[in-house]
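Printed here is target_17.tsv (TSV, C-alpha atoms and all ligand atoms):
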chain	number	residue	atom	x	y	z
A	1	MET	CA	-25.98	-9.34	3.59
A	2	ALA	CA	-24.42	-9.03	7.02
A	3	HIS	CA	-26.35	-7.39	9.82
A	4	PRO	CA	-25.68	-3.64	9.48
A	5	SER	CA	-23.83	-3.41	12.76
A	6	GLU	CA	-21.80	-6.56	12.24
A	7	PRO	CA	-18.40	-6.52	10.57
A	8	LEU	CA	-18.33	-8.36	7.28
A	9	ARG	CA	-15.74	-11.12	7.18
A	10	ASP	CA	-14.59	-12.43	3.82
A	11	SER	CA	-13.87	-16.10	3.77
A	12	GLY	CA	-11.65	-15.75	0.72
A	13	ALA	CA	-13.02	-18.57	-1.40
A	14	PRO	CA	-10.05	-20.14	-3.16
A	15	GLY	CA	-9.62	-18.99	-6.73
A	16	SER	CA	-12.02	-16.08	-6.53
A	17	PRO	CA	-10.52	-12.63	-6.00
A	18	LEU	CA	-12.27	-10.26	-3.62
A	19	ILE	CA	-12.07	-7.35	-6.07
A	20	GLU	CA	-11.95	-7.66	-9.85
A	21	LEU	CA	-11.81	-5.00	-12.51
A	22	ARG	CA	-12.08	-6.61	-15.94
A	23	GLY	CA	-11.37	-4.47	-18.99
A	24	ALA	CA	-12.87	-1.49	-17.17
A	25	THR	CA	-13.10	1.78	-19.08
A	26	LYS	CA	-14.51	4.99	-17.62
A	27	ARG	CA	-15.40	7.97	-19.76
A	28	PHE	CA	-16.64	11.29	-18.44
A	29	ARG	CA	-18.74	13.71	-20.44
A	30	HIS	CA	-17.60	17.30	-19.97
A	31	GLY	CA	-19.82	20.37	-19.88
A	32	SER	CA	-18.38	21.40	-23.26
A	33	GLY	CA	-19.78	18.18	-24.76
A	34	GLY	CA	-16.34	16.56	-25.05
A	35	ILE	CA	-15.60	13.12	-23.66
A	36	HIS	CA	-12.63	12.35	-21.47
A	37	THR	CA	-11.43	8.79	-20.93
A	38	ALA	CA	-10.08	8.57	-17.38
A	39	VAL	CA	-9.54	4.80	-17.22
A	40	ARG	CA	-9.04	2.48	-20.19
A	41	ASP	CA	-9.30	-1.30	-20.37
A	42	LEU	CA	-8.10	-1.74	-16.82
A	43	THR	CA	-7.79	-5.25	-15.44
A	44	LEU	CA	-6.83	-5.69	-11.81
A	45	THR	CA	-7.64	-8.21	-9.10
A	46	VAL	CA	-7.14	-7.94	-5.36
A	47	ALA	CA	-7.27	-10.92	-3.02
A	48	CYS	CA	-8.79	-11.03	0.46
A	49	GLY	CA	-6.40	-9.52	2.97
A	50	GLU	CA	-4.04	-8.21	0.30
A	51	PHE	CA	-2.50	-4.72	0.58
A	52	VAL	CA	-2.17	-3.24	-2.90
A	53	ALA	CA	-0.70	0.20	-3.57
A	54	VAL	CA	-1.49	2.03	-6.81
A	55	VAL	CA	1.00	4.59	-8.12
A	56	GLY	CA	0.85	6.69	-11.25
A	57	PRO	CA	1.36	10.24	-12.46
A	58	THR	CA	-0.90	13.09	-11.37
A	59	GLY	CA	-4.35	13.00	-12.92
A	60	CYS	CA	-3.87	9.60	-14.57
A	61	GLY	CA	-7.08	8.05	-13.19
A	62	LYS	CA	-6.17	6.53	-9.82
A	63	SER	CA	-9.09	8.03	-7.89
A	64	THR	CA	-11.48	7.07	-10.67
A	65	THR	CA	-10.28	3.47	-10.30
A	66	LEU	CA	-11.18	3.59	-6.59
A	67	SER	CA	-14.57	5.08	-7.47
A	68	LEU	CA	-15.27	2.09	-9.72
A	69	VAL	CA	-14.52	-0.31	-6.86
A	70	SER	CA	-16.56	1.69	-4.33
A	71	GLY	CA	-19.52	1.87	-6.72
A	72	LEU	CA	-19.44	5.69	-6.75
A	73	GLU	CA	-18.89	5.45	-10.53
A	74	ARG	CA	-19.96	2.81	-12.98
A	75	ALA	CA	-17.68	1.52	-15.74
A	76	SER	CA	-18.60	2.72	-19.26
A	77	GLU	CA	-17.28	-0.60	-20.56
A	78	GLY	CA	-16.01	-3.73	-18.87
A	79	GLU	CA	-16.99	-4.62	-15.34
A	80	THR	CA	-16.17	-4.33	-11.67
A	81	ARG	CA	-16.96	-7.20	-9.32
A	82	VAL	CA	-16.69	-7.48	-5.56
A	83	ARG	CA	-17.08	-10.96	-4.06
A	84	GLY	CA	-18.01	-12.13	-7.53
A	85	ALA	CA	-21.04	-9.82	-7.80
A	86	LEU	CA	-21.22	-6.93	-10.25
A	87	VAL	CA	-20.79	-3.63	-8.42
A	88	ASP	CA	-24.04	-1.72	-8.47
A	89	GLY	CA	-23.96	0.75	-5.59
A	90	ILE	CA	-21.59	0.68	-2.63
A	91	PRO	CA	-20.64	-2.95	-1.84
A	92	ASP	CA	-20.97	-4.18	1.75
A	93	GLY	CA	-17.93	-3.79	3.93
A	94	VAL	CA	-16.25	-0.95	2.04
A	95	GLY	CA	-14.44	1.76	4.02
A	96	TYR	CA	-12.95	4.88	2.44
A	97	VAL	CA	-10.22	7.22	3.70
A	98	PHE	CA	-9.61	10.34	1.62
A	99	GLN	CA	-6.87	12.93	1.55
A	100	THR	CA	-9.27	15.42	3.11
A	101	ASP	CA	-10.78	13.64	6.03
A	102	ALA	CA	-14.48	13.52	6.77
A	103	VAL	CA	-14.15	14.63	10.39
A	104	LEU	CA	-17.08	16.85	11.35
A	105	PRO	CA	-15.91	20.04	13.11
A	106	TRP	CA	-19.04	20.41	15.26
A	107	ARG	CA	-18.82	16.92	16.77
A	108	THR	CA	-16.48	15.68	19.48
A	109	VAL	CA	-13.78	13.16	18.64
A	110	LEU	CA	-15.85	10.39	20.26
A	111	ASP	CA	-19.00	11.20	18.33
A	112	ASN	CA	-17.07	11.54	15.08
A	113	VAL	CA	-15.84	7.99	15.51
A	114	ALA	CA	-19.24	6.70	16.61
A	115	ILE	CA	-21.16	8.32	13.76
A	116	GLY	CA	-20.90	5.47	11.22
A	117	LEU	CA	-22.21	2.94	13.72
A	118	ARG	CA	-25.06	5.29	14.66
A	119	TYR	CA	-26.05	5.55	10.97
A	120	ARG	CA	-26.10	1.76	10.85
A	121	GLY	CA	-28.56	1.60	13.71
A	122	THR	CA	-26.28	0.90	16.68
A	123	THR	CA	-27.53	2.47	19.92
A	124	LYS	CA	-25.73	5.59	21.14
A	125	ALA	CA	-24.26	3.86	24.18
A	126	ALA	CA	-22.99	0.85	22.19
A	127	ALA	CA	-21.60	3.06	19.41
A	128	ARG	CA	-19.74	5.22	21.93
A	129	GLU	CA	-18.36	2.18	23.68
A	130	ARG	CA	-17.03	0.79	20.38
A	131	ALA	CA	-15.69	4.23	19.42
A	132	ARG	CA	-13.74	4.38	22.71
A	133	VAL	CA	-12.12	1.04	21.89
A	134	TRP	CA	-11.00	2.41	18.51
A	135	LEU	CA	-9.80	5.71	19.96
A	136	ASP	CA	-7.63	3.66	22.25
A	137	LYS	CA	-6.33	1.61	19.30
A	138	VAL	CA	-5.29	4.74	17.42
A	139	GLY	CA	-3.64	6.22	20.52
A	140	LEU	CA	-6.26	8.86	21.27
A	141	SER	CA	-7.82	7.66	24.51
A	142	GLY	CA	-8.43	10.67	26.72
A	143	PHE	CA	-9.34	12.88	23.77
A	144	ASP	CA	-13.02	11.85	23.61
A	145	ASP	CA	-14.36	15.32	24.36
A	146	TYR	CA	-11.99	17.28	22.14
A	147	TYR	CA	-13.22	18.94	18.97
A	148	PRO	CA	-11.29	18.48	15.71
A	149	HIS	CA	-9.89	22.04	15.75
A	150	GLN	CA	-8.16	21.23	19.05
A	151	LEU	CA	-6.12	18.44	17.43
A	152	SER	CA	-2.95	18.34	15.34
A	153	GLY	CA	-3.10	17.18	11.69
A	154	GLY	CA	-1.76	13.76	12.67
A	155	MET	CA	-4.32	13.39	15.45
A	156	ARG	CA	-7.15	14.35	13.09
A	157	LYS	CA	-5.91	11.71	10.68
A	158	ARG	CA	-6.03	9.17	13.50
A	159	VAL	CA	-9.63	10.17	14.16
A	160	ALA	CA	-10.39	9.70	10.45
A	161	LEU	CA	-8.79	6.24	10.54
A	162	ALA	CA	-10.75	5.25	13.64
A	163	GLN	CA	-13.92	6.64	12.03
A	164	THR	CA	-13.48	4.21	9.13
A	165	LEU	CA	-11.97	1.24	10.96
A	166	VAL	CA	-14.63	1.20	13.69
A	167	ASN	CA	-16.93	-0.23	11.01
A	168	GLU	CA	-14.41	-3.06	10.50
A	169	PRO	CA	-14.35	-2.85	6.69
A	170	SER	CA	-13.25	-5.90	4.75
A	171	ILE	CA	-12.24	-3.60	1.88
A	172	LEU	CA	-10.35	-0.42	2.70
A	173	LEU	CA	-9.96	2.14	-0.08
A	174	MET	CA	-7.41	4.84	0.71
A	175	ASP	CA	-6.90	7.82	-1.57
A	176	GLU	CA	-3.66	9.61	-0.66
A	177	PRO	CA	-4.72	9.64	2.99
A	178	PHE	CA	-1.42	10.95	4.38
A	179	SER	CA	-0.29	13.32	1.66
A	180	ALA	CA	-1.16	16.47	3.63
A	181	LEU	CA	0.90	15.41	6.66
A	182	ASP	CA	4.48	16.42	7.42
A	183	VAL	CA	7.17	13.81	6.79
A	184	GLN	CA	7.59	12.69	10.41
A	185	THR	CA	3.87	12.38	11.08
A	186	ARG	CA	3.47	10.45	7.83
A	187	ALA	CA	6.11	7.96	8.90
A	188	LEU	CA	4.31	7.45	12.22
A	189	MET	CA	1.01	6.98	10.42
A	190	HIS	CA	2.56	4.34	8.14
A	191	ASP	CA	3.55	2.22	11.12
A	192	GLU	CA	0.20	2.88	12.72
A	193	LEU	CA	-1.73	1.83	9.63
A	194	LEU	CA	0.25	-1.39	9.27
A	195	ARG	CA	-0.31	-2.20	12.93
A	196	LEU	CA	-4.06	-1.61	12.66
A	197	TRP	CA	-4.36	-3.48	9.37
A	198	SER	CA	-2.33	-6.56	10.39
A	199	GLY	CA	-4.65	-9.31	11.45
A	200	SER	CA	-7.73	-7.37	10.32
A	201	GLY	CA	-8.07	-9.51	7.18
A	202	ALA	CA	-9.01	-6.39	5.20
A	203	ALA	CA	-8.00	-5.94	1.58
A	204	VAL	CA	-6.52	-2.49	0.98
A	205	ILE	CA	-6.18	-0.43	-2.18
A	206	PHE	CA	-3.94	2.51	-1.32
A	207	VAL	CA	-3.53	5.24	-3.93
A	208	THR	CA	-0.45	7.43	-3.68
A	209	HIS	CA	1.96	9.57	-5.71
A	210	ASP	CA	4.75	8.46	-3.45
A	211	LEU	CA	6.55	5.29	-4.53
A	212	GLU	CA	8.43	5.01	-1.24
A	213	GLU	CA	5.15	5.03	0.68
A	214	ALA	CA	3.69	2.44	-1.71
A	215	ILE	CA	6.59	0.02	-1.22
A	216	VAL	CA	6.88	0.24	2.57
A	217	LEU	CA	3.18	-0.45	3.00
A	218	ALA	CA	2.10	-2.84	0.28
A	219	ASP	CA	2.28	-6.50	-0.68
A	220	ARG	CA	2.10	-5.44	-4.31
A	221	VAL	CA	2.57	-2.16	-6.19
A	222	ILE	CA	0.55	-1.46	-9.33
A	223	VAL	CA	2.03	1.08	-11.75
A	224	MET	CA	-0.54	2.96	-13.81
A	225	THR	CA	0.10	4.53	-17.19
A	226	ALA	CA	-0.19	8.27	-17.80
A	227	GLY	CA	-3.93	8.88	-18.39
A	228	PRO	CA	-6.07	7.15	-19.36
A	229	ALA	CA	-5.08	4.81	-16.56
A	230	THR	CA	-4.44	1.21	-17.30
A	231	VAL	CA	-2.14	-1.22	-15.50
A	232	LYS	CA	1.42	-0.94	-16.77
A	233	GLY	CA	3.00	-3.32	-14.28
A	234	SER	CA	2.32	-5.25	-11.09
A	235	PHE	CA	5.28	-5.66	-8.70
A	236	PRO	CA	5.25	-7.94	-5.64
A	237	VAL	CA	7.04	-6.43	-2.64
A	238	PRO	CA	9.16	-9.18	-1.07
A	239	LEU	CA	9.71	-7.42	2.27
A	240	HIS	CA	8.97	-9.30	5.50
A	241	ARG	CA	6.18	-8.36	7.88
A	242	PRO	CA	5.86	-7.00	10.46
A	243	ARG	CA	7.67	-3.98	9.01
A	244	ARG	CA	9.25	-1.07	10.78
A	245	VAL	CA	8.79	1.49	8.07
A	246	GLU	CA	11.67	3.78	9.06
A	247	GLU	CA	14.11	0.87	9.06
A	248	ILE	CA	12.89	-0.71	5.83
A	249	ARG	CA	13.68	2.38	3.77
A	250	LEU	CA	17.39	1.89	4.39
A	251	THR	CA	17.64	-1.80	3.44
A	252	PRO	CA	19.22	-3.00	0.18
A	253	SER	CA	16.06	-5.00	-0.69
A	254	PHE	CA	13.98	-1.83	-0.44
A	255	LEU	CA	16.37	0.04	-2.73
A	256	ASP	CA	16.36	-2.83	-5.25
A	257	ILE	CA	12.59	-2.92	-5.52
A	258	TYR	CA	12.43	0.88	-5.59
A	259	ARG	CA	14.80	0.98	-8.60
A	260	GLU	CA	12.86	-1.73	-10.40
A	261	ILE	CA	9.45	-0.03	-10.00
A	262	TRP	CA	10.79	3.47	-10.64
A	263	LYS	CA	12.14	2.25	-14.00
A	264	SER	CA	8.55	1.46	-14.97
A	265	LEU	CA	6.97	4.54	-13.38
A	266	ARG	CA	9.51	7.10	-14.61
A	267	ASP	CA	8.39	6.94	-18.27
A	268	GLU	CA	4.77	7.56	-17.26
A	269	VAL	CA	5.71	10.50	-15.05
A	270	ASP	CA	7.82	11.95	-17.87
A	271	GLU	CA	4.95	11.45	-20.33
A	272	ALA	CA	2.51	13.23	-17.98
A	273	ARG	CA	5.00	16.12	-17.51
A	274	THR	CA	5.49	16.47	-21.26
A	275	ARG	CA	1.74	16.61	-21.81
A	276	ALA	CA	1.30	19.15	-19.01
A	277	ALA	CA	4.03	21.34	-20.57
A	278	ARG	CA	2.16	21.15	-23.93
A	279	GLY	CA	-1.12	21.98	-22.16
A	280	ALA	CA	-2.56	18.61	-23.28
A	281	PRO	CA	-4.88	16.58	-20.95
B	301	LIG	N1	-16.57	13.32	-12.34
B	301	LIG	C1	-15.72	13.66	-13.31
B	301	LIG	N2	-16.12	14.34	-14.40
B	301	LIG	C2	-15.28	14.66	-15.38
B	301	LIG	N3	-13.96	14.35	-15.40
B	301	LIG	C3	-13.48	13.66	-14.34
B	301	LIG	C4	-14.32	13.28	-13.25
B	301	LIG	N4	-13.57	12.61	-12.34
B	301	LIG	C5	-12.31	12.58	-12.85
B	301	LIG	N5	-12.26	13.21	-14.05
B	301	LIG	C6	-11.08	13.37	-14.92
B	301	LIG	O1	-10.49	12.09	-15.08
B	301	LIG	C7	-9.07	12.20	-15.03
B	301	LIG	C8	-8.53	11.30	-13.94
B	301	LIG	O2	-8.89	11.84	-12.67
B	301	LIG	P1	-8.53	11.12	-11.32
B	301	LIG	O3	-8.96	12.00	-10.20
B	301	LIG	O4	-9.03	9.73	-11.33
B	301	LIG	O5	-6.93	11.08	-11.39
B	301	LIG	P2	-5.85	10.81	-10.25
B	301	LIG	O6	-4.80	9.96	-10.83
B	301	LIG	O7	-6.51	10.31	-9.02
B	301	LIG	O8	-5.34	12.29	-9.99
B	301	LIG	P3	-4.36	12.87	-8.84
B	301	LIG	O9	-3.10	12.10	-8.96
B	301	LIG	O10	-4.17	14.30	-9.22
B	301	LIG	O11	-5.07	12.69	-7.54
B	301	LIG	C9	-8.75	13.67	-14.81
B	301	LIG	O12	-8.45	14.25	-16.06
B	301	LIG	C10	-10.03	14.24	-14.24
B	301	LIG	O13	-10.20	15.59	-14.62

Using structure tokens, write down the structure from this file.
Amino acid sequence: MAHPSEPLRDSGAPGSPLIELRGATKRFRHGSGGIHTAVRDLTLTVACGEFVAVVGPTGCGKSTTLSLVSGLERASEGETRVRGALVDGIPDGVGYVFQTDAVLPWRTVLDNVAIGLRYRGTTKAAARERARVWLDKVGLSGFDDYYPHQLSGGMRKRVALAQTLVNEPSILLMDEPFSALDVQTRALMHDELLRLWSGSGAAVIFVTHDLEEAIVLADRVIVMTAGPATVKGSFPVPLHRPRRVEEIRLTPSFLDIYREIWKSLRDEVDEARTRAARGAP
């Protein structure tokens, strides 16, 4: 295991994926005694440094898939491996960014960013110094002493990103991180995320409802079936990097790949809508 305050770097041993879900099934027992299968026989691998986006209809099991990788949930059948080892608890080097950020309202921006390092045993001065570097990287230098309520939604999201990235995760799990932001702020955050990720070597699994967002960001888009989630299709995104997200959306190659993936996703979205109209899970 790496020293708690040191970033974990994955060497990317040839032939071995960083993240592997093999025939993973996750069932939940409900209070009523019924059993709900959220994920079924899901097989997915992610390589070191790869940016994978996962799209699928509402409630299909995308977040549960992330929980299997992060070790927050254990597969009922099949297995999840990170760096070849069975996931049993939170693997080293995992960072998580949720839709609702984990910014603490009673702490300053600087201390919010420093908090993860403090928990890992870094001294206050060193943690704050590192946090300042990351605040600068996310364009928030000068806001050290602000409290979260004094920031815009986009700025708070930047704090949340810095809070996670300051720990230099080698695996970044993102669960609809920008869905609460307005369209313009989202677009800015897309560019920002790509800038921060490029060269970091981190593998990303980015869950979203938004196919456009998935394509502009990812190396590969995974389409999930209507629940229980399993992989319906895996689509490489042949768009060059570095990407200017706003410009990419207008290119013929973007529209081609959008049409191709939407053809696969549309049936699942329709299926989920039909079930919702029938009141079925
Ligand atoms: N801890 C749990 N206990 C019981 N059921 C759960 C639990 N977590 C998830 N589920 C159920 O599993 C299914 C998949 O949920 P999940 O949150 O993974 O879907 P999702 O695709 O991320 O949803 P959304 O698109 O709405 O964010 C849902 O029916 C949900 O109610």

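Take the candidates A:Ser76, A:Asn167, A:Gly279, A:Gln99 and check each one against A:Ala114 using only C-alpha atoms; the shortest distance goes to A:Asn167.
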
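Considering the residues A:Asp219, A:Asp144, A:Asp182, A:Asp88 and counting only C-alpha atoms, A:Ala47 has its shortest atom-to-atom contact with A:Asp219.
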
* Asked: What is the atom CA of A:Pro228 to atom CA of A:His36 distance in Å?
  ->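 Between atom CA of A:Pro228 and atom CA of A:His36 the gap is 8.6 Å.
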
* Shell of 8 Å around ligand LIG 301 (chain B) (all atoms listed in the file), written as a list of chain:residue names ->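 Residues lying within 8 Å of ligand LIG 301 (chain B): A:Arg27, A:Phe28, A:Arg29, A:His30, A:His36, A:Thr37, A:Ala38, A:Val39, A:Gly56, A:Pro57, A:Thr58, A:Gly59, A:Cys60, A:Gly61, A:Lys62, A:Ser63, A:Thr64, A:Thr65, A:Asp175, A:Glu176, A:Val207, A:Thr208, A:His209, A:Gly227, A:Pro228, A:Ala229, A:Pro281.
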
* Asked: Looking at only C-alpha atoms, which of A:Leu250, A:Ile115, A:Val166, A:Val245 is the one that sits closest to A:Arg195?
  -> A:Val245

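When atom CA of A:Arg83 is paired with atom CA of A:Ile215, their separation reads 26.2 Å.
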
* Calculate how many Å separate atom CA of A:Phe51 from atom CA of A:Val109, rounding to one decimal. =>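 So the answer is 27.8 Å.
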
Pick out the residues sitting within 9 Å of A:Ile19, and hand them over as a PDB file with C-alpha atoms, keeping the file's coordinate frame; count all atoms listed in the file, and ignore anything fewer than 6 positions along from it in its own chain.
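For reference, around.pdb as written:
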ATOM      1  CA  LEU A  44      -6.830  -5.690 -11.810  1.00  0.00           C
ATOM      2  CA  THR A  45      -7.640  -8.210  -9.100  1.00  0.00           C
ATOM      3  CA  VAL A  46      -7.140  -7.940  -5.360  1.00  0.00           C
ATOM      4  CA  ALA A  47      -7.270 -10.920  -3.020  1.00  0.00           C
ATOM      5  CA  CYS A  48      -8.790 -11.030   0.460  1.00  0.00           C
ATOM      6  CA  VAL A  69     -14.520  -0.310  -6.860  1.00  0.00           C
ATOM      7  CA  THR A  80     -16.170  -4.330 -11.670  1.00  0.00           C
ATOM      8  CA  ARG A  81     -16.960  -7.200  -9.320  1.00  0.00           C
ATOM      9  CA  VAL A  82     -16.690  -7.480  -5.560  1.00  0.00           C
ATOM     10  CA  ARG A  83     -17.080 -10.960  -4.060  1.00  0.00           C
ATOM     11  CA  GLY A  84     -18.010 -12.130  -7.530  1.00  0.00           C
ATOM     12  CA  ILE A 171     -12.240  -3.600   1.880  1.00  0.00           C
ATOM     13  CA  ALA A 203      -8.000  -5.940   1.580  1.00  0.00           C
TER      14      ALA A 203
END

* Asked: Got a sec: who's within 8 Å of A:Arg40, counting all atoms listed in the file, leaving out chain neighbours fewer than 5 positions off, as a list in words?
  -> Gly23, Ala24, Thr25, Lys26, Pro228, Ala229 and Thr230 of chain A

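Nearest residue to A:His190, choosing from A:Val237, A:Val87, A:Leu135, A:Leu217 and counting only C-alpha atoms: A:Leu217.
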
* Asked: Skipping near chain neighbours, those fewer than 2 positions away, what residues fall within 7 Å of A:Val113 using only C-alpha atoms, listed as a ChimeraX atom specification?
  -> /A:109-111,115,131,159,162-163

* **Shell around A:Thr185 at 12 Å using only C-alpha atoms, local window under 6 positions removed, as a ChimeraX atom specification** => /A:152-158,178-179,191-192,246

Let me see the file: selected residues, C-alpha atoms, as a PDB file, keeping the file's coordinate frame.
ATOM      1  CA  SER A 152      -2.950  18.340  15.340  1.00  0.00           C
ATOM      2  CA  GLY A 153      -3.100  17.180  11.690  1.00  0.00           C
ATOM      3  CA  GLY A 154      -1.760  13.760  12.670  1.00  0.00           C
ATOM      4  CA  MET A 155      -4.320  13.390  15.450  1.00  0.00           C
ATOM      5  CA  ARG A 156      -7.150  14.350  13.090  1.00  0.00           C
ATOM      6  CA  LYS A 157      -5.910  11.710  10.680  1.00  0.00           C
ATOM      7  CA  ARG A 158      -6.030   9.170  13.500  1.00  0.00           C
ATOM      8  CA  PHE A 178      -1.420  10.950   4.380  1.00  0.00           C
ATOM      9  CA  SER A 179      -0.290  13.320   1.660  1.00  0.00           C
ATOM     10  CA  ASP A 191       3.550   2.220  11.120  1.00  0.00           C
ATOM     11  CA  GLU A 192       0.200   2.880  12.720  1.00  0.00           C
ATOM     12  CA  GLU A 246      11.670   3.780   9.060  1.00  0.00           C
TER      13      GLU A 246
END

* Got a sec: who's within 10 Å of stretch 258-264 of chain A, counting all atoms listed in the file, leaving out chain neighbours fewer than 3 positions off, as a PyMOL selection string? -> chain A and resi 55+211-212+214-216+221-225+232-237+249+252-255+267-269

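Nearest to A:Val97 of all the residues A:Ser141, A:Ser32, A:Thr164, A:Thr43 is A:Thr164, counting only C-alpha atoms.
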
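If all atoms listed in the file are the atoms counted, then among A:Ala226, A:Leu165, A:Pro238, A:Ser170 the closest residue to A:Asp92 is A:Ser170.
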